>>> print(open('input.txt').read())   # compact mmCIF, C-alpha atoms
# COMPACT_ATOMS: atom_id res chain seq x y z
CA MET A 1335 0.00 0.00 0.00
CA THR A 1336 1.45 3.39 -0.98
CA PHE A 1337 1.99 6.31 1.36
CA LYS A 1338 -0.77 8.30 -0.41
CA THR A 1339 -3.20 5.37 -0.19
CA VAL A 1340 -2.67 5.16 3.56
CA LEU A 1341 -3.39 8.87 4.01
CA LEU A 1342 -6.49 8.88 1.81
CA ALA A 1343 -7.78 5.83 3.64
CA ALA A 1344 -7.32 7.65 6.94
CA VAL A 1345 -9.32 10.62 5.67
CA ALA A 1346 -12.04 8.32 4.37
CA LEU A 1347 -12.17 6.52 7.70
CA ALA A 1348 -12.52 9.84 9.54
CA THR A 1349 -15.47 10.93 7.42
CA THR A 1350 -17.10 7.50 7.55
CA ALA A 1351 -16.82 7.49 11.34
CA LEU A 1352 -18.94 10.62 11.42
CA ASN A 1353 -21.72 8.81 9.55
CA PRO A 1354 -21.23 5.06 8.94
CA LEU A 1355 -23.94 5.00 6.24
CA GLY A 1356 -22.37 7.88 4.35
CA ALA A 1357 -24.26 10.68 2.61
CA SER A 1358 -25.34 10.78 -1.00
CA ALA A 1359 -24.03 13.48 -3.30
CA ALA A 1360 -27.22 13.23 -5.36
CA GLU A 1361 -28.69 16.46 -3.95
CA VAL A 1362 -25.41 18.39 -4.22
CA LYS A 1363 -24.84 19.52 -7.78
CA LYS A 1364 -22.80 22.67 -7.27
CA ILE A 1365 -20.30 23.82 -4.62
CA GLY A 1366 -18.85 27.30 -4.27
CA LEU A 1367 -15.17 27.49 -3.33
CA ALA A 1368 -13.81 30.86 -2.17
CA VAL A 1369 -10.02 30.81 -1.85
CA SER A 1370 -7.90 33.50 -0.25
CA ASN A 1371 -4.97 33.43 -2.69
CA LEU A 1372 -4.35 30.90 -5.46
CA GLN A 1373 -0.84 32.29 -6.01
CA ALA A 1374 0.12 30.40 -2.84
CA ASP A 1375 0.96 26.75 -3.53
CA TYR A 1376 -0.81 25.56 -0.36
CA PHE A 1377 -4.17 27.03 -1.35
CA ASN A 1378 -3.78 25.94 -4.95
CA GLN A 1379 -3.20 22.35 -3.82
CA ILE A 1380 -6.38 22.44 -1.73
CA LYS A 1381 -8.26 23.76 -4.78
CA ILE A 1382 -6.92 20.90 -6.86
CA GLY A 1383 -8.00 18.42 -4.18
CA VAL A 1384 -11.51 19.87 -3.94
CA GLU A 1385 -12.06 20.06 -7.69
CA ALA A 1386 -10.69 16.59 -8.47
CA TYR A 1387 -12.71 14.86 -5.75
CA ALA A 1388 -15.89 16.81 -6.56
CA LYS A 1389 -15.52 15.76 -10.21
CA GLU A 1390 -15.42 12.12 -9.08
CA LYS A 1391 -18.72 12.77 -7.29
CA GLY A 1392 -20.30 14.49 -10.30
CA ILE A 1393 -20.33 17.87 -8.54
CA LYS A 1394 -19.48 21.16 -10.23
CA VAL A 1395 -17.18 23.54 -8.34
CA ILE A 1396 -17.22 27.29 -8.94
CA THR A 1397 -13.90 28.67 -7.66
CA VAL A 1398 -13.09 32.31 -6.94
CA ASP A 1399 -9.72 33.78 -5.93
CA ALA A 1400 -9.63 36.87 -3.68
CA LYS A 1401 -5.88 37.42 -4.14
CA ASN A 1402 -5.65 38.16 -0.41
CA ASP A 1403 -8.15 41.02 -0.50
CA GLY A 1404 -11.04 40.79 1.98
CA ALA A 1405 -13.31 43.26 0.17
CA THR A 1406 -12.83 41.40 -3.10
CA GLN A 1407 -13.71 38.14 -1.40
CA VAL A 1408 -16.94 39.50 0.10
CA SER A 1409 -18.00 40.65 -3.37
CA GLN A 1410 -17.06 37.30 -4.90
CA VAL A 1411 -19.06 35.40 -2.30
CA GLN A 1412 -22.09 37.61 -2.85
CA ASP A 1413 -21.90 36.64 -6.52
CA LEU A 1414 -21.42 32.95 -5.69
CA LEU A 1415 -24.60 32.95 -3.63
CA THR A 1416 -26.61 34.00 -6.70
CA GLN A 1417 -25.38 30.99 -8.72
CA GLY A 1418 -27.41 28.25 -7.05
CA ILE A 1419 -24.66 26.63 -5.01
CA ASP A 1420 -25.72 23.84 -2.62
CA ALA A 1421 -22.76 24.26 -0.24
CA PHE A 1422 -19.93 26.70 0.35
CA ILE A 1423 -16.26 25.89 1.05
CA TYR A 1424 -14.55 28.98 2.39
CA ILE A 1425 -10.90 29.94 2.97
CA PRO A 1426 -10.95 33.51 4.37
CA ALA A 1427 -8.64 36.06 2.75
CA GLY A 1428 -7.82 37.61 6.13
CA ALA A 1429 -8.96 38.05 9.69
CA ALA A 1430 -10.71 41.43 9.36
CA ALA A 1431 -13.70 40.51 7.19
CA ALA A 1432 -13.61 36.74 7.70
CA ALA A 1433 -17.06 36.58 9.30
CA VAL A 1434 -18.97 38.34 6.52
CA PRO A 1435 -19.09 35.58 3.85
CA THR A 1436 -20.07 32.97 6.46
CA ARG A 1437 -22.95 35.13 7.64
CA LEU A 1438 -24.09 35.79 4.06
CA ALA A 1439 -24.11 32.08 3.23
CA LYS A 1440 -25.96 31.13 6.40
CA GLN A 1441 -28.56 33.83 5.77
CA ALA A 1442 -29.10 32.19 2.37
CA GLY A 1443 -29.50 28.77 4.03
CA ILE A 1444 -26.29 27.41 2.50
CA PRO A 1445 -24.03 25.21 4.67
CA VAL A 1446 -20.49 26.48 5.21
CA VAL A 1447 -17.26 24.48 5.45
CA ASN A 1448 -14.42 26.70 6.62
CA VAL A 1449 -10.94 25.54 5.64
CA ASP A 1450 -7.60 26.61 7.17
CA ARG A 1451 -9.00 29.80 8.71
CA ASN A 1452 -12.04 30.38 10.89
CA ALA A 1453 -13.81 33.41 12.35
CA ALA A 1454 -14.43 33.10 16.07
CA ASP A 1455 -17.56 35.27 15.97
CA ALA A 1456 -19.03 33.58 12.88
CA PRO A 1457 -17.60 30.08 12.42
CA GLY A 1458 -18.61 27.77 9.62
CA ASP A 1459 -20.78 24.71 10.22
CA THR A 1460 -17.51 22.82 10.46
CA PHE A 1461 -13.86 23.87 10.33
CA ILE A 1462 -11.18 21.77 8.63
CA ALA A 1463 -7.46 22.39 9.06
CA THR A 1464 -4.15 20.90 9.96
CA ASP A 1465 -3.51 20.64 13.68
CA ASN A 1466 -1.37 23.77 13.42
CA ALA A 1467 -0.40 24.06 17.06
CA THR A 1468 0.84 20.48 17.35
CA SER A 1469 2.72 20.61 14.05
CA ALA A 1470 4.36 23.96 14.84
CA TYR A 1471 5.41 22.56 18.22
CA GLU A 1472 7.06 19.61 16.46
CA VAL A 1473 8.90 21.85 13.98
CA CYS A 1474 10.20 24.20 16.68
CA LYS A 1475 11.10 21.35 19.01
CA HIS A 1476 13.10 19.80 16.16
CA ILE A 1477 15.12 22.89 15.23
CA ILE A 1478 15.69 23.72 18.90
CA GLY A 1479 17.07 20.21 19.32
CA LEU A 1480 19.39 20.73 16.35
CA ALA A 1481 20.67 23.90 18.05
CA GLY A 1482 21.42 22.00 21.24
CA GLY A 1483 18.42 23.31 23.19
CA LYS A 1484 19.62 26.91 23.33
CA GLY A 1485 19.95 30.07 21.28
CA ASN A 1486 18.25 33.27 20.19
CA MET A 1487 15.24 32.83 17.91
CA LEU A 1488 13.52 35.02 15.35
CA MET A 1489 9.89 34.35 14.55
CA ILE A 1490 8.50 35.43 11.18
CA HIS A 1491 4.72 35.25 11.46
CA GLY A 1492 2.06 34.78 8.85
CA GLN A 1493 -0.85 37.16 8.42
CA LYS A 1494 -1.69 38.54 11.86
CA GLY A 1495 -4.80 37.22 13.55
CA THR A 1496 -5.55 34.43 11.08
CA THR A 1497 -6.20 30.99 12.55
CA PRO A 1498 -2.94 29.39 11.32
CA GLU A 1499 -0.84 32.35 12.49
CA VAL A 1500 -2.35 32.22 15.97
CA GLU A 1501 -2.09 28.44 16.30
CA ARG A 1502 1.43 28.17 14.88
CA THR A 1503 2.61 30.84 17.29
CA LYS A 1504 1.03 28.96 20.17
CA GLY A 1505 2.65 25.67 19.17
CA CYS A 1506 6.12 27.10 18.68
CA MET A 1507 6.00 29.04 21.94
CA LYS A 1508 5.17 25.82 23.75
CA ALA A 1509 8.45 24.34 22.47
CA VAL A 1510 10.30 27.53 23.39
CA GLY A 1511 8.81 27.39 26.88
CA GLU A 1512 10.21 23.89 27.36
CA ASN A 1513 13.77 25.11 26.71
CA ALA A 1514 15.07 27.70 29.16
CA GLY A 1515 18.08 28.36 26.94
CA VAL A 1516 15.95 29.60 24.03
CA LYS A 1517 14.79 33.19 23.76
CA VAL A 1518 12.63 34.80 21.06
CA VAL A 1519 14.53 38.06 20.56
CA ALA A 1520 12.43 39.53 17.73
CA GLU A 1521 9.33 38.79 15.68
CA GLN A 1522 7.51 40.36 12.77
CA TRP A 1523 4.27 39.69 10.89
CA SER A 1524 3.95 39.26 7.14
CA GLU A 1525 0.96 40.09 4.93
CA GLN A 1526 1.29 37.48 2.17
CA TRP A 1527 3.26 34.62 3.84
CA SER A 1528 5.63 35.03 0.88
CA GLN A 1529 9.27 34.33 0.09
CA ALA A 1530 9.92 37.99 -0.76
CA GLU A 1531 8.61 39.00 2.67
CA GLY A 1532 10.71 36.30 4.33
CA LEU A 1533 13.82 37.70 2.68
CA ASN A 1534 13.02 41.31 3.56
CA ILE A 1535 11.94 40.62 7.14
CA GLY A 1536 14.79 38.18 7.65
CA GLN A 1537 17.42 40.67 6.51
CA ASN A 1538 16.03 43.43 8.73
CA LEU A 1539 15.80 41.23 11.82
CA LEU A 1540 19.21 39.64 11.29
CA GLN A 1541 20.80 43.07 10.96
CA ALA A 1542 19.38 44.00 14.36
CA HIS A 1543 20.08 40.57 15.91
CA PRO A 1544 23.21 39.08 14.30
CA ASP A 1545 23.63 36.51 17.10
CA VAL A 1546 20.53 34.51 16.10
CA THR A 1547 20.81 30.73 15.69
CA LEU A 1548 17.12 29.85 15.21
CA ILE A 1549 14.37 31.10 12.88
CA PHE A 1550 10.82 29.83 12.86
CA SER A 1551 8.99 31.00 9.76
CA GLN A 1552 5.28 30.25 9.70
CA SER A 1553 5.17 29.23 6.02
CA ASP A 1554 7.62 27.60 3.67
CA GLY A 1555 7.69 30.74 1.53
CA LEU A 1556 8.78 32.75 4.56
CA ALA A 1557 11.32 30.03 5.44
CA LEU A 1558 12.86 30.08 1.96
CA GLY A 1559 13.15 33.86 2.17
CA ALA A 1560 14.71 33.61 5.63
CA ALA A 1561 17.21 31.06 4.31
CA GLN A 1562 18.18 33.54 1.57
CA ALA A 1563 18.57 36.25 4.20
CA VAL A 1564 20.88 34.09 6.26
CA LYS A 1565 22.92 33.22 3.18
CA VAL A 1566 23.53 36.84 2.18
CA SER A 1567 24.05 38.07 5.75
CA GLY A 1568 27.52 36.61 6.06
CA LEU A 1569 26.88 35.23 9.55
CA SER A 1570 29.58 32.94 10.86
CA GLN A 1571 27.30 30.76 13.00
CA ARG A 1572 24.89 28.04 11.87
CA VAL A 1573 21.26 29.18 11.80
CA TYR A 1574 18.56 26.49 11.98
CA ILE A 1575 15.38 27.33 10.05
CA GLY A 1576 11.93 25.81 10.35
CA GLY A 1577 9.00 26.40 8.01
CA PHE A 1578 5.45 25.18 7.66
CA ASP A 1579 3.18 23.79 4.90
CA GLY A 1580 5.17 21.23 2.93
CA ASP A 1581 4.82 23.27 -0.26
CA THR A 1582 5.58 21.34 -3.44
CA THR A 1583 8.07 24.07 -4.37
CA ALA A 1584 9.83 24.00 -1.00
CA LEU A 1585 10.06 20.26 -0.35
CA PRO A 1586 12.76 19.59 -3.00
CA ILE A 1587 14.83 22.43 -1.49
CA LEU A 1588 14.36 20.96 1.98
CA ALA A 1589 15.47 17.58 0.63
CA GLN A 1590 18.68 19.28 -0.51
CA ARG A 1591 19.13 20.79 2.99
CA GLY A 1592 18.17 24.31 1.94
CA PHE A 1593 16.53 24.65 5.35
CA ASP A 1594 15.95 22.31 8.26
CA ALA A 1595 12.33 21.32 8.85
CA THR A 1596 8.71 21.90 7.92
CA ALA A 1597 5.28 20.47 8.67
CA THR A 1598 3.77 18.89 5.57
CA GLN A 1599 0.04 19.40 5.46
CA GLN A 1600 -2.41 16.95 3.91
CA VAL A 1601 -3.60 19.41 1.29
CA ARG A 1602 -5.32 16.90 -0.98
CA GLY A 1603 -6.79 15.14 2.05
CA ILE A 1604 -8.12 18.47 3.34
CA GLY A 1605 -9.76 19.08 -0.03
CA ARG A 1606 -11.44 15.68 -0.07
CA LEU A 1607 -12.65 16.03 3.51
CA ALA A 1608 -14.06 19.48 2.69
CA VAL A 1609 -16.14 18.04 -0.16
CA ASP A 1610 -17.38 15.11 1.95
CA SER A 1611 -18.27 17.53 4.74
CA ALA A 1612 -20.15 19.81 2.33
CA ILE A 1613 -22.19 16.85 1.11
CA LYS A 1614 -23.03 15.75 4.65
CA LEU A 1615 -24.03 19.24 5.75
CA ALA A 1616 -26.21 19.69 2.69
CA ALA A 1617 -27.93 16.42 3.65
CA GLY A 1618 -28.76 17.94 7.06
CA GLU A 1619 -26.13 16.13 9.11
CA LYS A 1620 -24.33 17.66 12.06
CA LEU A 1621 -20.53 17.59 11.98
CA PRO A 1622 -17.92 18.36 14.66
CA ALA A 1623 -17.09 22.04 15.05
CA GLU A 1624 -13.46 21.20 14.20
CA GLN A 1625 -11.92 18.47 12.08
CA LEU A 1626 -8.14 18.67 12.47
CA LEU A 1627 -5.80 16.51 10.40
CA PRO A 1628 -2.24 15.81 11.51
CA GLY A 1629 0.70 17.43 9.75
CA PHE A 1630 3.91 15.49 9.21
CA LEU A 1631 7.27 16.65 10.57
CA THR A 1632 9.46 16.77 7.48
CA THR A 1633 13.25 17.08 7.46
CA PRO A 1634 15.95 16.61 4.82
CA ASP A 1635 16.01 12.94 5.83
CA ASN A 1636 12.41 12.18 4.84
CA ALA A 1637 11.47 15.04 2.48
CA ALA A 1638 11.99 12.91 -0.65
CA LYS A 1639 9.03 10.74 0.39
CA PHE A 1640 6.73 13.77 0.39
CA VAL A 1641 8.17 15.03 -2.91
CA ALA A 1642 7.31 11.67 -4.51
CA GLU A 1643 3.83 11.41 -2.95
CA HIS A 1644 2.34 14.54 -1.48
CA PRO A 1645 -0.53 13.84 0.91
>>> encode(input="input.txt", output="structure tokens")
Amino acid sequence: MTFKTVLLAAVALATTALNPLGASAAEVKKIGLAVSNLQADYFNQIKIGVEAYAKEKGIKVITVDAKNDGATQVSQVQDLLTQGIDAFIYIPAGAAAAAVPTRLAKQAGIPVVNVDRNAADAPGDTFIATDNATSAYEVCKHIIGLAGGKGNMLMIHGQKGTTPEVERTKGCMKAVGENAGVKVVAEQWSEQWSQAEGLNIGQNLLQAHPDVTLIFSQSDGLALGAAQAVKVSGLSQRVYIGGFDGDTTALPILAQRGFDATATQQVRGIGRLAVDSAIKLAAGEKLPAEQLLPGFLTTPDNAAKFVAEHP
């Protein structure tokens, strides 16, 4: 049995456990998918997972891309709700307006599956994500171990206030708290989780804190940028860098030891679970408020496995 088969079977088992008889897709003909930013590999992989699995089920998916703009996303969702969708899969473009599309869909009587990001004051009918806190803890624990359990750390955050940013901070700080010799000396938030931001933020923070030996970047794009920043900084000491996501673009670089660790998310599995959840909700079933899938600690030693078969 292949690695991918094992993971897909686990996702199928999780959804079956919620309803042993399953739910028919017969009543679900059209799903709306609102994505925050398809320029990011992570979100694009989820889109691919949703669309491929929905096609297997005979369901049409209408996808819109907000390009990280909350106002654009609200407008896109308003348009989606006029197109006769039976369920709505929603990845918020940011924290500020995250609640609005959920409220609009619920007012229209359309079930909402939130993916990756949730709004505390207006959550979807179910929320699907990686267990961000646990995975970030594992990444930070790993790089701290590589550094001998001590050192000054920089933290390059994702978009402030979003669910993954909050949870990844929590998880990493748990690992930091377990190591008295580690101190977070500086941190900065990004807007796009991007490699360009990782480079810019990394250079600025390293200039102010040249004695750093640890960097936790909350996405692989940020981690790749931070690795570039370290490379051009001319530092004499080894700097251990952790990322997050298991991006298809970053995993080959990790395999070549371009940085030190990431958490590979089950992007295709998340997409499949989102479709199954949409079908169940449309059939009137109740689902757990949260459905968290494990991420996989990925290092140069096992990255090739995830390059060959991404979950």
>>> closest_residue(input="input.txt", among="A:Glu1624, A:Glu1385, A:Glu1472, A:Asp1420", to="Phe1578 in chain A", atoms="only C-alpha atoms")
A:Glu1472
>>> residues_around(input="input.txt", residues="Ala1514 in chain A", least_positions_apart="6", cutoff="12 Å", atoms="all atoms listed in the file", output="JSON, numbers by chain")
{"A": [1478, 1482, 1483, 1484, 1485, 1486, 1507, 1508]}
>>> closest_residue(input="input.txt", among="A:Gly1418, A:Gly1495, A:Pro1628, A:Gly1479", to="Tyr1574 in chain A", atoms="only C-alpha atoms")
A:Gly1479
>>> atom_distance(input="input.txt", atom1="CA of Ser1567 in chain A", atom2="CA of Leu1488 in chain A")
14.6 Å
>>> residues_around(input="input.txt", residues="Ala1542 in chain A", least_positions_apart="6", cutoff="12 Å", atoms="all atoms listed in the file", output="mmCIF file with C-alpha atoms, in the frame of the given file")
data_model
loop_
_atom_site.group_PDB
_atom_site.id
_atom_site.type_symbol
_atom_site.label_atom_id
_atom_site.label_comp_id
_atom_site.auth_asym_id
_atom_site.auth_seq_id
_atom_site.Cartn_x
_atom_site.Cartn_y
_atom_site.Cartn_z
ATOM 1 C CA LEU A 1488 13.520 35.020 15.350
ATOM 2 C CA VAL A 1519 14.530 38.060 20.560
ATOM 3 C CA ALA A 1520 12.430 39.530 17.730
ATOM 4 C CA GLU A 1521 9.330 38.790 15.680
ATOM 5 C CA ILE A 1535 11.940 40.620 7.140
ATOM 6 C CA GLY A 1536 14.790 38.180 7.650
ATOM 7 C CA SER A 1567 24.050 38.070 5.750
#
>>> atom_distance(input="input.txt", atom1="CA of Asp1545 in chain A", atom2="CA of Ile1587 in chain A")
24.9 Å
>>> residues_around(input="input.txt", residues="Ala1509 in chain A", least_positions_apart="4", cutoff="8 Å", atoms="all atoms listed in the file", output="NGL selection string")
:A and (1471-1472 or 1474-1475 or 1505 or 1513)
>>> closest_residue(input="input.txt", among="A:Ala1439, A:Ala1429, A:Ile1575, A:Pro1457", to="Glu1525 in chain A", atoms="all atoms listed in the file")
A:Ala1429
